[in-house]
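**Q** Provided herewith is a single structure, encoded as C-alpha cells, for subsequent inquiry.
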Amino acid sequence: MTDMPAGPVWVKSERQVERERVRRARARRSASIATASTVVFAVLVGWVVTNSPGWPRVQDTFFNPEHFARALPDVISGFWLNVKIFLFAEPLILVVGLLVALVRSTRTAALFPVRALATLYVDTFRGVPTLLVIYMVGFGLPALRLQGIPTDLTALGVIALTLSYGAYVAEVFRSGIESVHPSQVAAARSLGLSHGKTMRFVVLPQATRRVVPPLLNDFISLQKDTALVSTLGVLEALRQAQIYASGKFNYTAYLVAALLFILLTIPMARFTDYLAERTRRRRGA
Amino acid sequence: MSLLTIEGVWKNFHGHSVLRGIDLEVRPHEVVSLIGASGSGKSTLLRCVNLLETVDDGTILLEGRDVTDPRVDVDEVRKRLGIVFQAFNLFPHMTVLDNITLAPRQVHKVPRERAEEEAHALLTRFGLAHKATSYPDQLSGGQQQRVAIIRALATQPRLMLLDEVTSALDPVLVVEVLEIIRELKQSGMTMILTTHEMGFCRDISDTVCFLDGGVLLEKGPPEKIFSDPDEARTRDFLRSVLEARRL
C-alpha cells in the first residue's frame with residue numbers, strides 16, 4: 001500500500017500513557033536491581049580478597065603503584081610490537097584461511113591433491129599447540145639455512161601465528177560457505193555463472209557476513225596469543241614484563257601487560273556484540 | 001460475552017502506522033476473516049493478538065482479561081492461543097509427533113504417553129496417522145501445514161489465529177488444508193484468519209473484515225461484503241482480486 005487513506009490520526013490515549021509509565025517504572029526497577037546486585041557482588045569480592053591473610057603480600061607484589069608506574073613505559077613499548085604482530089598476522093590469516101577454505105570446497109577431480117594438501121594442513125595445524133608451532137617455526141625454519149627465509153624473530157612469529165590461526169579460520173570460512181543454502185548455488189548456476197563466479201558473487205558474500213562473529217572471536221584470541229611470540233625472545237609486552245619482574249622481584253609489571261591486553265581486546269569484543277545485535281535486529285526478532 | 005475484544009489498537013513501525021485504531025469483537029465459535037491488500041495490516045493484527053508484537057495504543061481483551069497490560073505474563077496468554085503461520089514454521093529437527101507433543105508436554109505438563117495418544121488421535125482425525133514418525137522435510141507443503149494446524153490444536157486453544165495458511169501452497173494442496181479449517185469450524189473452534197482465498201472466505205466466515213491502510217474500513221457478514229459492500233475501496237479490492245483470478 002502506498003496511498004494511505006486520510007484516516008484517523010493517532011492521539012496517545014490515557015491507557016497508553018499509563019502503560020508506558022508502567023513500562024518505564026519496570027525498566028527503572030530492573031536497572032536499580034542490576035546496579036544494587038553489582039555493587040553487593042563487587043563489595044563482597046573486594047572484602048573477601050582484601051581480608052585474606054596473604055593480601056598485604058599480594059598487594060605489594062602484584063598491585064604496587066610505584067612499580068606500576070616504573071614498568072609502564074617498557075611494557076607499553078613492548079606492547080606496540082604485539083599490536084604490530086597482530087596487524088601483520090591478521091590479513092595474512094584471512095588470506096590463508098579463505099584460500100584453504102575455497103580449495104576444500106572445490107569438487108573438481110583434478111584438484112584432489114591440492115584438496116588433500118589443504119585438509120592435511122588444517123588437520124596438522126589445528127592439532128598442534130600454537131606454542132609448539134612457534135617453537136618449530138622460530139627455531140626450526142632458520143636452522144634450515146634456506147635462501148629467502150627471514151631470520152627476524154618477529155617475522156617468524158608472524159609466520160607461525162599465521163600458520164596456526166589460518167587453519168582455524170579456514171574451518172570458520174568453510175562452515176560459512178557450507179551454511180549457504182544449496183538453492184542459492186542452484187539459482188546462480190542456472191543463470192550460467194561458473195563455479196568460481198557463483199562463489200565470488202553469491203556464496204562468499206553471504207558466507208562472510210555469517211562468519212564475522214566467529215572470525216572476530218578468533219582474532220580476539222589471536223591478539224592475546226601474540227604474547228606467545230615472547231618465547232622466541234622477542235621483546236614484546238610479556239617479555240618486557242618478565243624482564244622487569246625478574247630484575248625487581250615484583251610482579252606488578254605482569255599486571256600492566258594484562259591490563260594492556262584487556263584494553264586491546266575489549267573494543268573488539270564489544271564490536272562483535274554490536275554486529276551480533278545488528279543481525280538479530282535485521283531478522284526482526 | 002465476547003471471547004476477544006480489540007479496542008482502538010495502533011501499531012507503528014519506523015514512524016509509519018501499520019494499524020490505525022482497530023476495533024473488533026470476536027464471539028465464541030465465531031469465524032472472522034481479515035481481507036485486504038498486502039501491507040494492509042492483517043498479519044500485524046494477528047501478531048498483536050498473539051503478543052508477538054506490542055501494541056502502541058489500545059487494548060486487547062482475551063476472555064475479559066487485558067492482555068496488553070505490561071504486567072501480564074505473555075506465556076500465560078499464549079497458552080490459550082493457537083497460531084498457524086504462512087510458512088508452517090515446523091521444527092525441522094523433530095518428528096511430526098514431537099512437533100505436536102512439544103507444547104503439551106513442556107508447557108501444559110501432559111505426560112508423554114497421554115500427549116502422544118492425543119497427538120495420534122488428531123493425526124488420525126486429519127488423515128496423517130502414517131506420518132507420525134516422519135520429519136517435516138519428508139512431507140508435502142499441504143501435509144506440513146496440516147501438521148502445523150494440529151500442533152496448534154494440540155494445546156486446546158480457546159482461539160485459533162490462521163495467518164495466510166494456504167498462501168505458500170499450490171491449488172491442489174490448498175484444498176486439503178481448507179478442509180481441515182472447515183472441520184474446525186464445525187467443531188466450534190473460534191478462529192481469526194487472514195486469507196486471499198475469497199471463495200473459501202465467503203464460505204466459512206461468519207464475519208468478514210476489510211482492512212485498508214491499517215484501518216478496518218468495513219465489516220459484515222460475507223453475503224453483504226462480497227455482494228454489496230458499502231465502501232468503494234472494498235469494491236475496488238474485490239474487483240481486482242477477481243480480475244487476478246481470471247488470469
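All residue names refer to the C-alpha cells as shown: chains lettered A, B, ... in order, residues numbered from 1 in each chain, ligands numbered from 1 in order.
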For A:Val185, list every protein, DNA or RNA residue within 10 Å, evaluated using only C-alpha atoms, and leave out those in the same chain fewer than 3 positions away; present the list as a PDB file with N, CA and C atoms, in the first residue's frame.

**A**
```
ATOM      1  N   VAL A 180      25.483 -21.688   3.440  1.00  0.00           N
ATOM      2  CA  VAL A 180      24.657 -21.043   2.419  1.00  0.00           C
ATOM      3  C   VAL A 180      23.838 -22.129   1.726  1.00  0.00           C
ATOM      4  N   HIS A 181      22.538 -21.921   1.660  1.00  0.00           N
ATOM      5  CA  HIS A 181      21.631 -22.961   1.182  1.00  0.00           C
ATOM      6  C   HIS A 181      21.928 -23.347  -0.267  1.00  0.00           C
ATOM      7  N   PRO A 182      21.901 -24.666  -0.580  1.00  0.00           N
ATOM      8  CA  PRO A 182      22.178 -25.133  -1.939  1.00  0.00           C
ATOM      9  C   PRO A 182      21.311 -24.464  -3.004  1.00  0.00           C
ATOM     10  N   ALA A 188      22.230 -19.485  -8.916  1.00  0.00           N
ATOM     11  CA  ALA A 188      23.354 -18.827  -9.584  1.00  0.00           C
ATOM     12  C   ALA A 188      23.825 -19.642 -10.788  1.00  0.00           C
ATOM     13  N   ARG A 189      23.967 -20.971 -10.591  1.00  0.00           N
ATOM     14  CA  ARG A 189      24.443 -21.811 -11.687  1.00  0.00           C
ATOM     15  C   ARG A 189      23.447 -21.809 -12.840  1.00  0.00           C
ATOM     16  N   SER A 190      22.153 -21.769 -12.529  1.00  0.00           N
ATOM     17  CA  SER A 190      21.155 -21.803 -13.593  1.00  0.00           C
ATOM     18  C   SER A 190      21.111 -20.487 -14.356  1.00  0.00           C
ATOM     19  N   LEU A 191      21.726 -19.440 -13.793  1.00  0.00           N
ATOM     20  CA  LEU A 191      21.857 -18.193 -14.553  1.00  0.00           C
ATOM     21  C   LEU A 191      23.077 -18.252 -15.459  1.00  0.00           C
ATOM     22  N   LEU A 193      26.289 -18.762 -14.281  1.00  0.00           N
ATOM     23  CA  LEU A 193      27.532 -18.409 -13.592  1.00  0.00           C
ATOM     24  C   LEU A 193      28.369 -19.673 -13.361  1.00  0.00           C
ATOM     25  N   HIS A 195      31.325 -22.056 -11.446  1.00  0.00           N
ATOM     26  CA  HIS A 195      31.517 -22.350 -10.023  1.00  0.00           C
ATOM     27  C   HIS A 195      32.226 -21.187  -9.323  1.00  0.00           C
ATOM     28  N   THR A 198      30.024 -18.138  -9.085  1.00  0.00           N
ATOM     29  CA  THR A 198      28.977 -18.391  -8.093  1.00  0.00           C
ATOM     30  C   THR A 198      29.523 -18.149  -6.692  1.00  0.00           C
ATOM     31  N   MET A 199      30.736 -18.684  -6.452  1.00  0.00           N
ATOM     32  CA  MET A 199      31.395 -18.482  -5.164  1.00  0.00           C
ATOM     33  C   MET A 199      31.580 -16.994  -4.891  1.00  0.00           C
ATOM     34  N   VAL A 202      27.895 -14.870  -5.164  1.00  0.00           N
ATOM     35  CA  VAL A 202      26.684 -15.296  -4.443  1.00  0.00           C
ATOM     36  C   VAL A 202      27.006 -15.945  -3.093  1.00  0.00           C
ATOM     37  N   VAL A 203      27.902 -16.945  -3.105  1.00  0.00           N
ATOM     38  CA  VAL A 203      28.101 -17.713  -1.875  1.00  0.00           C
ATOM     39  C   VAL A 203      28.957 -16.945  -0.861  1.00  0.00           C
TER      40      VAL A 203
END
```

**Q** Using only C-alpha atoms and a cut-off of 9 Å, which residues of chain B sit close to chain A? Please list them as an MDAnalysis selection string.

**A** chainID B and resid 10 17 20:21 37:40 56:59 68:71 212:215

**Q** Could you please take those selected residues and save N, CA and C atoms as a compact mmCIF listing (two decimals), in the first residue's frame?

**A**
```txt
# COMPACT_ATOMS: atom_id res chain seq x y z
N TRP B 10 -3.38 0.55 17.88
CA TRP B 10 -2.44 1.21 16.98
C TRP B 10 -1.12 0.46 17.01
N SER B 17 2.42 4.13 10.60
CA SER B 17 1.38 3.40 11.32
C SER B 17 0.83 2.27 10.47
N ARG B 20 -4.23 1.43 12.53
CA ARG B 20 -4.62 2.78 12.91
C ARG B 20 -6.00 2.76 13.56
N GLY B 21 -5.99 2.34 14.82
CA GLY B 21 -7.23 2.38 15.60
C GLY B 21 -8.21 1.29 15.22
N ALA B 37 -5.39 -5.85 0.94
CA ALA B 37 -4.17 -5.98 0.16
C ALA B 37 -2.98 -6.28 1.07
N SER B 38 -1.86 -6.72 0.49
CA SER B 38 -0.64 -6.91 1.27
C SER B 38 -0.25 -5.58 1.89
N GLY B 39 0.11 -5.61 3.17
CA GLY B 39 0.51 -4.39 3.84
C GLY B 39 -0.66 -3.64 4.45
N SER B 40 -1.85 -4.22 4.39
CA SER B 40 -3.00 -3.52 4.97
C SER B 40 -3.05 -3.69 6.48
N ASP B 56 1.01 -0.23 20.22
CA ASP B 56 1.46 1.10 20.63
C ASP B 56 0.33 1.90 21.26
N ASP B 57 -0.88 1.42 21.10
CA ASP B 57 -2.01 2.03 21.79
C ASP B 57 -3.19 1.08 21.68
N GLY B 58 -4.18 1.31 22.56
CA GLY B 58 -5.36 0.48 22.52
C GLY B 58 -5.26 -0.73 23.43
N THR B 59 -6.32 -1.52 23.45
CA THR B 59 -6.43 -2.62 24.39
C THR B 59 -6.90 -3.88 23.68
N THR B 68 -2.89 -6.71 27.00
CA THR B 68 -1.91 -5.69 26.61
C THR B 68 -1.34 -4.97 27.82
N ASP B 69 -1.78 -5.37 29.01
CA ASP B 69 -1.21 -4.83 30.23
C ASP B 69 0.25 -5.26 30.32
N PRO B 70 1.18 -4.32 30.53
CA PRO B 70 2.59 -4.72 30.55
C PRO B 70 2.90 -5.72 31.66
N ARG B 71 2.04 -5.81 32.68
CA ARG B 71 2.34 -6.72 33.77
C ARG B 71 1.88 -8.15 33.51
N ASP B 212 -7.77 -1.68 5.22
CA ASP B 212 -7.20 -0.87 4.17
C ASP B 212 -6.29 0.17 4.81
N GLY B 213 -4.99 0.07 4.53
CA GLY B 213 -4.03 1.02 5.10
C GLY B 213 -4.10 1.09 6.61
N GLY B 214 -4.29 -0.05 7.27
CA GLY B 214 -4.28 -0.08 8.72
C GLY B 214 -5.59 0.31 9.37
N VAL B 215 -6.63 0.54 8.55
CA VAL B 215 -7.94 0.90 9.09
C VAL B 215 -8.91 -0.23 8.77
```

**Q** Using DSSP on the backbone coordinates, identify all residues within stretch 169-225 of chain A classified as alpha helix (DSSP H); present the result as a compact mmCIF listing (two decimals) with C-alpha atoms, in the first residue's frame.

**A**
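Output contents, as saved in states22.txt:
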```txt
# COMPACT_ATOMS: atom_id res chain seq x y z
CA VAL A 169 39.96 -19.51 10.21
CA ALA A 170 39.83 -21.83 7.17
CA GLU A 171 37.35 -24.01 9.04
CA VAL A 172 35.30 -20.98 10.07
CA PHE A 173 35.11 -19.86 6.44
CA ARG A 174 34.27 -23.36 5.28
CA SER A 175 31.39 -23.71 7.73
CA GLY A 176 30.14 -20.34 6.48
CA ILE A 177 30.35 -21.44 2.85
CA GLU A 178 28.51 -24.65 3.64
CA SER A 179 25.79 -22.83 5.58
CA PRO A 182 22.18 -25.13 -1.94
CA SER A 183 19.23 -23.38 -3.61
CA GLN A 184 21.39 -20.25 -3.81
CA VAL A 185 24.02 -22.15 -5.77
CA ALA A 186 21.30 -23.69 -7.94
CA ALA A 187 19.91 -20.23 -8.72
CA ALA A 188 23.35 -18.83 -9.58
CA ARG A 189 24.44 -21.81 -11.69
CA SER A 190 21.16 -21.80 -13.59
CA HIS A 195 31.52 -22.35 -10.02
CA GLY A 196 34.07 -19.61 -9.39
CA LYS A 197 31.68 -16.76 -10.19
CA THR A 198 28.98 -18.39 -8.09
CA LEU A 204 31.05 -15.83 -0.35
CA PRO A 205 29.22 -12.54 0.25
CA GLN A 206 26.56 -14.40 2.24
CA ALA A 207 29.06 -16.72 3.94
CA THR A 208 31.35 -13.89 5.01
CA ARG A 209 28.55 -11.99 6.69
CA ARG A 210 27.59 -15.05 8.66
CA VAL A 211 31.12 -15.83 9.87
CA VAL A 212 32.06 -12.34 11.02
CA PRO A 213 31.26 -13.01 14.72
CA PRO A 214 33.24 -16.29 14.96
CA LEU A 215 36.09 -14.68 12.97
CA LEU A 216 36.27 -11.76 15.39
CA ASN A 217 36.29 -14.28 18.21
CA ASP A 218 39.36 -15.92 16.69
CA PHE A 219 41.01 -12.54 16.30
CA ILE A 220 40.46 -11.67 19.94
CA SER A 221 42.17 -14.94 20.72
CA LEU A 222 44.98 -14.04 18.31
CA GLN A 223 45.51 -10.66 19.98
CA LYS A 224 46.49 -12.28 23.23
CA ASP A 225 48.35 -15.18 21.62
```

**Q** With only C-alpha atoms as the atoms that count, which of B:Leu24, B:Gln144, B:Leu216, B:Gly36 lies nearest to B:Val241?

**A**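 Among B:Leu24, B:Gln144, B:Leu216, B:Gly36, it is B:Gly36 that comes nearest to B:Val241.
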
**Q** Residues at most 8 Å from B:Val84, counting only C-alpha atoms, excluding those fewer than 6 positions away in the same chain, as a list in words?

**A**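 With the cut-off at 8 Å, the set is Ala148, Ile149, Ala152, Met160, Leu161, Leu162, Asp163 and Val165 of chain B.
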
**Q** Taking only C-alpha atoms into account, name the residue in A:Ala25, A:Ala71, A:Ala276, A:Ile33 that is nearest to A:Asn250.

**A** A:Ala71

**Q** Mind checking which residues fall within 12 Å of stretch 51-66 of chain A, counting only C-alpha atoms, ignoring those fewer than 6 positions away in the same chain, and posting them as a list of chain:residue names?

**A** A:Val43, A:Leu44, A:Val45, A:Leu72, A:Ala241, A:Ala245, A:Lys248, A:Phe249, A:Asn250, A:Tyr251, A:Thr252, A:Ala253, A:Tyr254, A:Leu255, A:Val256, A:Ala257, A:Ala258, A:Leu259

**Q** Using only C-alpha atoms, determine which residues lie at most 10 Å from B:Lys219, disregarding the query and same-chain residues fewer than 4 positions distant; provide the list as a list in words.

**A**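 My reading of the contact set: Leu24, Val32, Ser33, Leu34, Thr207, Val208, Cys209, Phe210, Leu211, Lys224, Ile225, Pro229 and Asp230 of chain B.
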